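Containing mmCIF, C-alpha atoms: entry01.cif.
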```cif
data_run
#
loop_
_atom_site.label_atom_id
_atom_site.label_comp_id
_atom_site.auth_asym_id
_atom_site.auth_seq_id
_atom_site.Cartn_x
_atom_site.Cartn_y
_atom_site.Cartn_z
CA MET A 1 0.00 0.00 0.00
CA ASP A 2 1.24 3.46 -0.80
CA MET A 3 1.18 6.09 1.84
CA GLU A 4 -2.16 7.77 2.30
CA PHE A 5 -2.10 11.46 3.14
CA VAL A 6 -5.41 13.08 3.96
CA VAL A 7 -5.94 16.69 4.92
CA ASP A 8 -9.07 17.89 6.66
CA LYS A 9 -8.65 21.64 6.69
CA GLU A 10 -11.85 22.29 8.59
CA ALA A 11 -10.87 19.89 11.35
CA ARG A 12 -7.26 21.19 11.10
CA THR A 13 -6.08 17.61 10.94
CA VAL A 14 -3.63 15.76 8.74
CA THR A 15 -3.85 11.96 8.69
CA ILE A 16 -1.02 9.82 7.35
CA THR A 17 -1.55 6.10 6.94
CA LYS A 18 1.07 3.62 5.83
CA GLU A 19 1.35 -0.14 5.72
CA PHE A 20 4.68 -1.80 6.38
CA ALA A 21 5.53 -5.37 5.34
CA PHE A 22 6.90 -6.08 8.81
CA GLU A 23 5.56 -7.33 12.12
CA ARG A 24 4.16 -4.85 14.57
CA SER A 25 6.78 -5.23 17.32
CA LEU A 26 9.49 -4.21 14.90
CA VAL A 27 7.57 -1.20 13.61
CA TRP A 28 6.64 -0.16 17.15
CA ASP A 29 10.33 -0.20 18.13
CA ALA A 30 11.21 2.03 15.18
CA TYR A 31 8.78 4.66 16.49
CA THR A 32 9.62 4.40 20.16
CA LYS A 33 13.38 3.81 20.47
CA PRO A 34 15.59 6.86 20.07
CA GLU A 35 18.48 5.07 18.34
CA LEU A 36 16.04 3.79 15.69
CA LEU A 37 14.00 6.99 15.40
CA ASP A 38 17.16 8.94 14.67
CA GLN A 39 17.81 6.71 11.68
CA TRP A 40 14.65 7.60 9.80
CA TRP A 41 12.82 10.56 11.33
CA ALA A 42 14.69 13.31 9.50
CA PRO A 43 14.25 13.47 5.73
CA LYS A 44 17.70 13.35 4.15
CA PRO A 45 20.00 15.25 4.12
CA MET A 46 18.74 16.38 7.52
CA ILE A 47 19.79 14.38 10.57
CA SER A 48 17.66 13.61 13.61
CA ARG A 49 19.55 13.80 16.90
CA THR A 50 17.70 12.81 20.07
CA LYS A 51 19.21 14.48 23.10
CA ALA A 52 16.91 12.94 25.70
CA MET A 53 14.04 10.50 25.57
CA ASP A 54 11.99 8.69 28.19
CA PHE A 55 9.21 6.80 26.52
CA GLU A 56 6.58 6.80 29.26
CA VAL A 57 3.47 8.80 30.03
CA GLY A 58 4.66 12.19 31.26
CA GLY A 59 8.04 11.64 29.60
CA ARG A 60 9.31 13.28 26.45
CA ARG A 61 11.63 13.14 23.50
CA PHE A 62 13.81 16.23 23.10
CA TYR A 63 15.49 16.23 19.76
CA ALA A 64 16.96 18.34 17.00
CA MET A 65 16.65 18.19 13.26
CA VAL A 66 20.08 19.13 12.04
CA SER A 67 20.59 20.44 8.54
CA PRO A 68 23.84 19.79 6.64
CA ASP A 69 25.19 23.24 7.53
CA GLY A 70 24.78 22.39 11.21
CA THR A 71 21.65 24.43 11.89
CA GLU A 72 19.61 22.80 14.66
CA GLY A 73 15.82 22.95 14.85
CA TRP A 74 14.76 21.72 18.29
CA ALA A 75 11.43 20.12 19.18
CA VAL A 76 9.83 18.35 22.12
CA GLN A 77 7.32 15.51 22.06
CA LYS A 78 5.55 15.00 25.39
CA TYR A 79 3.95 11.59 25.76
CA THR A 80 0.40 11.87 27.04
CA SER A 81 -0.80 8.28 26.57
CA ILE A 82 0.81 4.93 25.77
CA THR A 83 -0.85 1.58 25.05
CA PRO A 84 2.08 -0.74 24.19
CA LYS A 85 2.23 -1.85 20.54
CA THR A 86 -1.20 -0.34 19.87
CA ASN A 87 -1.26 3.41 20.37
CA PHE A 88 0.59 6.37 21.72
CA LYS A 89 -0.12 10.07 21.81
CA PHE A 90 2.08 13.07 22.25
CA PHE A 91 2.00 16.82 22.23
CA ASN A 92 4.58 18.21 19.83
CA ALA A 93 6.07 21.69 20.03
CA PHE A 94 9.07 23.51 18.68
CA ALA A 95 11.62 24.57 21.26
CA ASP A 96 14.92 26.32 21.69
CA LYS A 97 18.13 24.48 22.58
CA ASP A 98 17.31 24.87 26.29
CA GLU A 99 13.99 23.09 25.84
CA ASN A 100 11.79 26.19 26.21
CA LEU A 101 8.65 25.40 24.25
CA GLN A 102 7.30 27.62 21.51
CA LEU A 103 3.53 27.35 21.46
CA PRO A 104 1.12 26.57 19.95
CA GLY A 105 1.94 22.96 19.24
CA SER A 106 0.19 19.98 17.67
CA ASP A 107 -1.48 16.85 19.05
CA TRP A 108 -0.36 13.53 17.57
CA ASP A 109 -2.26 10.26 17.79
CA LEU A 110 -0.45 7.18 16.46
CA ASN A 111 -2.24 3.86 15.92
CA PHE A 112 -0.59 0.53 15.15
CA SER A 113 -2.45 -2.56 13.92
CA GLU A 114 -1.22 -5.84 12.46
CA GLN A 115 -2.83 -8.13 9.94
CA ASP A 116 -1.24 -11.05 8.06
CA GLY A 117 2.21 -10.02 9.23
CA LYS A 118 1.79 -6.49 7.96
CA THR A 119 1.59 -3.44 10.15
CA ARG A 120 -0.55 -0.45 9.48
CA VAL A 121 0.36 2.82 11.12
CA SER A 122 -2.13 5.67 11.14
CA ILE A 123 -1.04 9.03 12.47
CA SER A 124 -3.36 11.94 12.93
CA ILE A 125 -1.94 15.34 13.65
CA TYR A 126 -4.14 18.11 14.93
CA ASN A 127 -2.75 21.61 14.53
CA GLU A 128 -4.12 24.54 16.44
CA SER A 129 -3.11 26.91 13.71
CA LEU A 130 -2.20 26.80 10.08
CA GLU A 131 0.57 29.28 10.62
CA ARG A 132 2.22 26.67 12.74
CA LEU A 133 1.84 24.11 9.99
CA GLU A 134 3.34 26.60 7.62
CA ARG A 135 6.33 26.91 9.92
CA MET A 136 6.59 23.19 10.35
CA ILE A 137 6.92 22.80 6.61
CA GLY A 138 8.65 26.00 5.63
CA GLY A 139 10.73 26.94 8.62
CA GLY A 140 13.78 27.05 6.39
CA MET A 141 13.74 23.29 6.40
CA LEU A 142 12.70 22.58 2.86
CA GLU A 143 14.45 25.58 1.42
CA GLY A 144 17.55 24.37 3.22
CA THR A 145 17.16 20.90 1.83
CA GLU A 146 16.67 22.09 -1.69
CA MET A 147 19.65 24.39 -1.43
CA GLN A 148 21.79 21.53 -0.21
CA LEU A 149 20.71 19.35 -3.09
CA GLN A 150 21.57 22.12 -5.45
CA ASN A 151 24.97 22.47 -3.81
CA LEU A 152 25.51 18.77 -4.15
CA GLU A 153 24.57 18.84 -7.80
CA GLU A 154 26.99 21.67 -8.42
CA LEU A 155 29.71 19.81 -6.61
CA LEU A 156 29.10 16.65 -8.60
CA GLU A 157 29.15 18.66 -11.77
CA LYS A 158 32.49 20.18 -10.80
CA LEU A 159 33.93 16.78 -9.97
CA ARG A 160 32.73 15.39 -13.28
CA LYS A 161 34.26 18.26 -15.21
CA GLY A 162 37.48 17.92 -13.23
CA LYS A 163 37.72 14.27 -14.24
CA GLU A 164 37.01 15.01 -17.89
CA SER A 165 39.68 17.67 -18.11
CA LYS A 166 42.29 15.27 -16.74
CA MET B 167 -4.11 40.97 14.62
CA ARG B 168 -3.28 38.57 11.88
CA ARG B 169 -5.70 35.71 11.79
CA ASP B 170 -5.31 32.13 10.77
CA ILE B 171 -6.62 30.63 7.55
CA PHE B 172 -7.96 27.61 9.38
CA GLN B 173 -10.08 29.99 11.40
CA ALA B 174 -11.35 31.53 8.19
CA ILE B 175 -12.57 28.24 6.78
CA ALA B 176 -13.75 26.76 10.09
CA ASP B 177 -17.10 28.55 9.89
CA PRO B 178 -19.83 27.28 7.51
CA THR B 179 -21.05 30.78 6.62
CA ARG B 180 -17.54 31.88 5.74
CA ARG B 181 -17.04 28.77 3.62
CA ALA B 182 -20.25 29.64 1.78
CA ILE B 183 -19.07 33.23 1.29
CA ILE B 184 -15.77 31.96 -0.13
CA ALA B 185 -17.66 29.72 -2.55
CA LEU B 186 -19.85 32.62 -3.69
CA ILE B 187 -17.13 35.19 -4.21
CA ALA B 188 -14.87 32.63 -5.90
CA LEU B 189 -17.24 32.95 -8.86
CA GLN B 190 -17.54 36.74 -8.91
CA ALA B 191 -16.84 39.79 -6.80
CA MET B 192 -19.86 40.68 -4.64
CA THR B 193 -21.09 43.44 -2.34
CA PRO B 194 -22.05 42.67 1.29
CA ASN B 195 -25.71 43.37 0.44
CA ALA B 196 -25.70 40.92 -2.45
CA LEU B 197 -24.02 38.33 -0.24
CA ALA B 198 -26.50 38.87 2.59
CA GLU B 199 -29.35 37.88 0.28
CA HIS B 200 -27.94 34.35 0.22
CA PHE B 201 -28.08 33.91 3.98
CA ASP B 202 -30.64 33.99 6.78
CA THR B 203 -28.47 36.37 8.70
CA SER B 204 -28.05 40.08 9.14
CA ARG B 205 -26.01 42.32 6.92
CA GLN B 206 -23.92 43.09 10.04
CA ALA B 207 -23.11 39.41 10.52
CA ILE B 208 -21.98 39.16 6.90
CA SER B 209 -19.80 42.23 7.34
CA LYS B 210 -18.17 40.63 10.36
CA HIS B 211 -17.40 37.47 8.40
CA LEU B 212 -15.96 39.58 5.58
CA ARG B 213 -13.79 41.43 8.06
CA ILE B 214 -12.37 38.15 9.36
CA LEU B 215 -11.74 36.92 5.81
CA THR B 216 -10.02 40.20 5.00
CA GLU B 217 -7.81 39.91 8.06
CA CYS B 218 -6.82 36.46 6.87
CA GLU B 219 -5.91 38.03 3.55
CA LEU B 220 -8.26 35.63 1.83
CA VAL B 221 -10.41 38.37 0.30
CA THR B 222 -9.71 41.79 -1.15
CA GLN B 223 -12.02 44.81 -1.34
CA GLU B 224 -12.51 47.12 -4.23
CA GLN B 225 -14.52 50.33 -4.16
CA LYS B 226 -16.76 50.82 -7.20
CA GLY B 227 -18.84 53.98 -6.90
CA ARG B 228 -20.65 53.77 -3.57
CA GLU B 229 -20.35 50.01 -3.29
CA ILE B 230 -17.53 47.83 -2.00
CA TYR B 231 -16.97 44.60 -3.87
CA TYR B 232 -15.28 41.61 -2.25
CA SER B 233 -13.32 39.05 -4.24
CA LEU B 234 -11.37 35.93 -3.36
CA GLU B 235 -7.59 35.78 -3.25
CA ILE B 236 -7.20 32.52 -5.14
CA GLU B 237 -3.41 32.58 -4.68
CA LYS B 238 -3.80 32.57 -0.92
CA MET B 239 -5.96 29.45 -1.13
CA LYS B 240 -3.33 27.81 -3.31
CA GLU B 241 -0.63 28.57 -0.77
CA ILE B 242 -2.29 26.24 1.70
CA ASP B 243 -2.22 23.42 -0.81
CA GLU B 244 1.41 24.04 -1.62
CA TRP B 245 2.42 23.84 2.03
CA LEU B 246 0.47 20.64 2.43
CA GLU B 247 2.05 19.14 -0.66
CA GLN B 248 5.50 19.83 0.78
CA TYR B 249 4.47 18.23 4.04
CA ARG B 250 3.29 15.14 2.17
CA LYS B 251 6.70 14.87 0.49
CA ILE B 252 8.48 15.02 3.83
CA TRP B 253 6.44 12.05 5.00
CA GLU B 254 7.14 10.11 1.82
CA THR B 255 10.88 10.58 2.26
CA ARG B 256 10.63 9.70 5.93
CA TYR B 257 8.69 6.53 5.26
CA ASN B 258 10.99 5.38 2.48
CA GLN B 259 13.80 5.68 5.01
CA LEU B 260 11.81 3.74 7.59
CA ASP B 261 11.04 0.95 5.09
CA ASP B 262 14.77 0.59 4.41
CA LEU B 263 15.60 0.61 8.09
CA LEU B 264 13.00 -2.06 8.92
CA ALA B 265 14.34 -4.28 6.15
CA THR B 266 17.89 -3.89 7.49
CA ILE B 267 16.90 -4.72 11.07
CA LYS B 268 14.88 -7.72 9.98
CA LYS B 269 17.80 -9.05 7.97
CA GLN B 270 20.20 -8.59 10.88
CA LYS B 271 17.83 -10.47 13.18
CA GLU B 272 17.47 -13.36 10.77
CA GLU B 273 21.22 -13.68 10.36
CA LYS B 274 21.71 -14.09 14.10
#
```

Would you give me this structure, written as structure tokens?
Amino acid sequence: MDMEFVVDKEARTVTITKEFAFERSLVWDAYTKPELLDQWWAPKPMISRTKAMDFEVGGRRFYAMVSPDGTEGWAVQKYTSITPKTNFKFFNAFADKDENLQLPGSDWDLNFSEQDGKTRVSISIYNESLERLERMIGGGMLEGTEMQLQNLEELLEKLRKGKESK
Amino acid sequence: MRRDIFQAIADPTRRAIIALIALQAMTPNALAEHFDTSRQAISKHLRILTECELVTQEQKGREIYYSLEIEKMKEIDEWLEQYRKIWETRYNQLDDLLATIKKQKEEK
């Protein structure tokens, strides 16, 4: 199944559903263990770096999305509910490097279900404001990514030309 | 105060106003004829839509015409499209990671 991405503007909610060809315990670990999360959470070439994480109700994950030039965008996810291997919820907010939250944030609800060895994950994200969503997407993050890709392309081009001239 | 676009489209009357003025610029009086509500209520909705920069006003003679900022509506869709792409990238990475872990486990 391809990823399903549904936006309900009136309800201010984005729902992302995806089926993985793996058993639920494995998928659950990938969402709840910092060393695994850091390997996939940031879209390349960004890097996810979890500074602190205690996966329990009342606990939180404090992490940075680091762009190739070293710029850090900090965020905090506070766990509000956990039902092992089935569901967890957190409140997500941007922060500074000292973990001071920047409100408003968004409410995340993640559901995990398994059928025939496949795991379906459905995430719904409720945003208080669209401006926040705009920041979440814009926030220099995509521009940064695109710029980096452009830099990379230029570099590759230079390398290619360098080889040819030899 | 700058308002939020979600707020603009959260109200059914405002959604109806957007649908009407998307077709043609209209005056508050002409709009009010489409609703069981007062001219004042319509004006208030128009003020909120204006503050969200979703509508623009144009004075023609003694009347003010309101029209929809289509570009502003498109902006929302563009943001959302970018967000969708982030999730696609993320999930491709997760698929790869899960495959790697599974393989490592089987080899043990």

- Item | Interatomic distance, atom CA of Lys269 of chain B to atom CA of Trp28 of chain A (Å, one decimal) | 17.0 Å

Which residues of chain B have any atom within 12 Å of an atom in chain A when counting only C-alpha atoms, and what is the closest pair of atoms for each, with the distance in Å to one decimal? Order the rows by chain and rising number and write it as a tab-separated table.
```
residue	atom	partner	partner_atom	distance
B:Arg168	CA	A:Glu131	CA	10.1
B:Arg169	CA	A:Glu131	CA	9.1
B:Asp170	CA	A:Leu130	CA	6.2
B:Ile171	CA	A:Leu130	CA	6.4
B:Phe172	CA	A:Leu130	CA	5.9
B:Gln173	CA	A:Ser129	CA	8.0
B:Ala174	CA	A:Glu10	CA	9.3
B:Ile175	CA	A:Glu10	CA	6.3
B:Ala176	CA	A:Glu10	CA	5.1
B:Asp177	CA	A:Glu10	CA	8.3
B:Pro178	CA	A:Glu10	CA	9.5
B:Arg180	CA	A:Glu10	CA	11.5
B:Arg181	CA	A:Glu10	CA	9.7
B:Cys218	CA	A:Glu131	CA	11.0
B:Met239	CA	A:Lys9	CA	11.4
B:Glu241	CA	A:Glu134	CA	9.5
B:Ile242	CA	A:Glu134	CA	8.2
B:Asp243	CA	A:Val7	CA	9.6
B:Glu244	CA	A:Glu134	CA	9.8
B:Trp245	CA	A:Glu134	CA	6.3
B:Leu246	CA	A:Val7	CA	7.9
B:Glu247	CA	A:Ile137	CA	9.5
B:Gln248	CA	A:Ile137	CA	6.7
B:Tyr249	CA	A:Ile137	CA	5.8
B:Arg250	CA	A:Phe5	CA	6.6
B:Lys251	CA	A:Pro43	CA	9.3
B:Ile252	CA	A:Pro43	CA	6.3
B:Trp253	CA	A:Pro43	CA	8.0
B:Glu254	CA	A:Met3	CA	7.2
B:Thr255	CA	A:Pro43	CA	5.6
B:Arg256	CA	A:Pro43	CA	5.2
B:Tyr257	CA	A:Trp40	CA	7.6
B:Asn258	CA	A:Trp40	CA	8.5
B:Gln259	CA	A:Trp40	CA	5.2
B:Leu260	CA	A:Trp40	CA	5.3
B:Asp261	CA	A:Phe20	CA	7.0
B:Asp262	CA	A:Trp40	CA	8.8
B:Leu263	CA	A:Trp40	CA	7.3
B:Leu264	CA	A:Val27	CA	7.2
B:Ala265	CA	A:Phe22	CA	8.1
B:Thr266	CA	A:Leu26	CA	11.2
B:Ile267	CA	A:Leu26	CA	8.4
B:Lys268	CA	A:Leu26	CA	8.1
B:Lys269	CA	A:Phe22	CA	11.3
B:Lys271	CA	A:Leu26	CA	10.6
```

- Tell me, as a ChimeraX atom specification, which residues lie within 10 Å of Thr222 of chain B, counting all atoms listed in the file; anything in the same chain fewer than 4 positions away does not count. /B:191,212,215-217,230-235

- Task: Name every residue that the PyMOL selection byres ((chain A and resi 60) around 6) selects in this structure, writing the answer as a PyMOL selection string with chains first and numbers rising.
- Result: chain A and resi 53-54+59+61+77-79

- Message: So, with only C-alpha atoms as the atoms that count, which of A:Asp96, A:Glu35, A:Asp109, A:Asp8 lies closest to Ala64 of chain A?
- Response: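 The shortest atom-to-atom distance to Ala64 of chain A comes from A:Asp96.
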
- Quote the spacing between atom CA of Ala207 of chain B and atom CA of Glu237 of chain B in Å to one decimal place.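 About the pair atom CA of Ala207 of chain B and atom CA of Glu237 of chain B: they are 25.8 Å apart.
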
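Interatomic distance, atom CA of Asn87 of chain A against atom CA of Arg49 of chain A: 23.5 Å.
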
Fix up segment 201-223 of chain B with N, CA and C atoms, then write it as a PDB file, in the coordinates of the input.
```pdb
ATOM      1  N   PHE B 201     -28.111  34.483   2.633  1.00  0.00           N
ATOM      2  CA  PHE B 201     -28.080  33.910   3.980  1.00  0.00           C
ATOM      3  C   PHE B 201     -29.238  34.421   4.838  1.00  0.00           C
ATOM      4  N   ASP B 202     -29.622  33.574   5.819  1.00  0.00           N
ATOM      5  CA  ASP B 202     -30.640  33.990   6.780  1.00  0.00           C
ATOM      6  C   ASP B 202     -29.971  34.715   7.938  1.00  0.00           C
ATOM      7  N   THR B 203     -29.182  35.679   7.620  1.00  0.00           N
ATOM      8  CA  THR B 203     -28.470  36.370   8.700  1.00  0.00           C
ATOM      9  C   THR B 203     -28.385  37.848   8.353  1.00  0.00           C
ATOM     10  N   SER B 204     -28.027  38.634   9.346  1.00  0.00           N
ATOM     11  CA  SER B 204     -28.050  40.080   9.140  1.00  0.00           C
ATOM     12  C   SER B 204     -26.892  40.549   8.270  1.00  0.00           C
ATOM     13  N   ARG B 205     -27.055  41.684   7.697  1.00  0.00           N
ATOM     14  CA  ARG B 205     -26.010  42.320   6.920  1.00  0.00           C
ATOM     15  C   ARG B 205     -24.771  42.546   7.812  1.00  0.00           C
ATOM     16  N   GLN B 206     -25.026  42.867   9.103  1.00  0.00           N
ATOM     17  CA  GLN B 206     -23.920  43.090  10.040  1.00  0.00           C
ATOM     18  C   GLN B 206     -23.087  41.818  10.232  1.00  0.00           C
ATOM     19  N   ALA B 207     -23.819  40.691  10.328  1.00  0.00           N
ATOM     20  CA  ALA B 207     -23.110  39.410  10.520  1.00  0.00           C
ATOM     21  C   ALA B 207     -22.226  39.117   9.307  1.00  0.00           C
ATOM     22  N   ILE B 208     -22.755  39.387   8.121  1.00  0.00           N
ATOM     23  CA  ILE B 208     -21.980  39.160   6.900  1.00  0.00           C
ATOM     24  C   ILE B 208     -20.735  40.058   6.889  1.00  0.00           C
ATOM     25  N   SER B 209     -20.935  41.300   7.294  1.00  0.00           N
ATOM     26  CA  SER B 209     -19.800  42.230   7.340  1.00  0.00           C
ATOM     27  C   SER B 209     -18.716  41.733   8.287  1.00  0.00           C
ATOM     28  N   LYS B 210     -19.154  41.144   9.387  1.00  0.00           N
ATOM     29  CA  LYS B 210     -18.170  40.630  10.360  1.00  0.00           C
ATOM     30  C   LYS B 210     -17.372  39.473   9.743  1.00  0.00           C
ATOM     31  N   HIS B 211     -18.095  38.593   9.054  1.00  0.00           N
ATOM     32  CA  HIS B 211     -17.400  37.470   8.400  1.00  0.00           C
ATOM     33  C   HIS B 211     -16.412  38.003   7.356  1.00  0.00           C
ATOM     34  N   LEU B 212     -16.839  39.015   6.617  1.00  0.00           N
ATOM     35  CA  LEU B 212     -15.960  39.580   5.580  1.00  0.00           C
ATOM     36  C   LEU B 212     -14.727  40.222   6.214  1.00  0.00           C
ATOM     37  N   ARG B 213     -14.939  40.802   7.399  1.00  0.00           N
ATOM     38  CA  ARG B 213     -13.790  41.430   8.060  1.00  0.00           C
ATOM     39  C   ARG B 213     -12.764  40.355   8.451  1.00  0.00           C
ATOM     40  N   ILE B 214     -13.277  39.243   8.969  1.00  0.00           N
ATOM     41  CA  ILE B 214     -12.370  38.150   9.360  1.00  0.00           C
ATOM     42  C   ILE B 214     -11.632  37.609   8.123  1.00  0.00           C
ATOM     43  N   LEU B 215     -12.362  37.426   7.044  1.00  0.00           N
ATOM     44  CA  LEU B 215     -11.740  36.920   5.810  1.00  0.00           C
ATOM     45  C   LEU B 215     -10.696  37.902   5.279  1.00  0.00           C
ATOM     46  N   THR B 216     -10.972  39.181   5.441  1.00  0.00           N
ATOM     47  CA  THR B 216     -10.020  40.200   5.000  1.00  0.00           C
ATOM     48  C   THR B 216      -8.759  40.158   5.849  1.00  0.00           C
ATOM     49  N   GLU B 217      -8.966  39.992   7.160  1.00  0.00           N
ATOM     50  CA  GLU B 217      -7.810  39.910   8.060  1.00  0.00           C
ATOM     51  C   GLU B 217      -6.948  38.691   7.784  1.00  0.00           C
ATOM     52  N   CYS B 218      -7.566  37.662   7.248  1.00  0.00           N
ATOM     53  CA  CYS B 218      -6.820  36.460   6.870  1.00  0.00           C
ATOM     54  C   CYS B 218      -6.188  36.620   5.491  1.00  0.00           C
ATOM     55  N   GLU B 219      -6.434  37.746   4.891  1.00  0.00           N
ATOM     56  CA  GLU B 219      -5.910  38.030   3.550  1.00  0.00           C
ATOM     57  C   GLU B 219      -6.450  37.063   2.504  1.00  0.00           C
ATOM     58  N   LEU B 220      -7.640  36.544   2.781  1.00  0.00           N
ATOM     59  CA  LEU B 220      -8.260  35.630   1.830  1.00  0.00           C
ATOM     60  C   LEU B 220      -9.146  36.374   0.825  1.00  0.00           C
ATOM     61  N   VAL B 221      -9.590  37.577   1.215  1.00  0.00           N
ATOM     62  CA  VAL B 221     -10.410  38.370   0.300  1.00  0.00           C
ATOM     63  C   VAL B 221      -9.830  39.780   0.167  1.00  0.00           C
ATOM     64  N   THR B 222     -10.106  40.397  -0.961  1.00  0.00           N
ATOM     65  CA  THR B 222      -9.710  41.790  -1.150  1.00  0.00           C
ATOM     66  C   THR B 222     -10.946  42.614  -1.457  1.00  0.00           C
ATOM     67  N   GLN B 223     -10.884  43.915  -1.108  1.00  0.00           N
ATOM     68  CA  GLN B 223     -12.020  44.810  -1.340  1.00  0.00           C
ATOM     69  C   GLN B 223     -11.673  45.770  -2.466  1.00  0.00           C
TER      70      GLN B 223
END
```
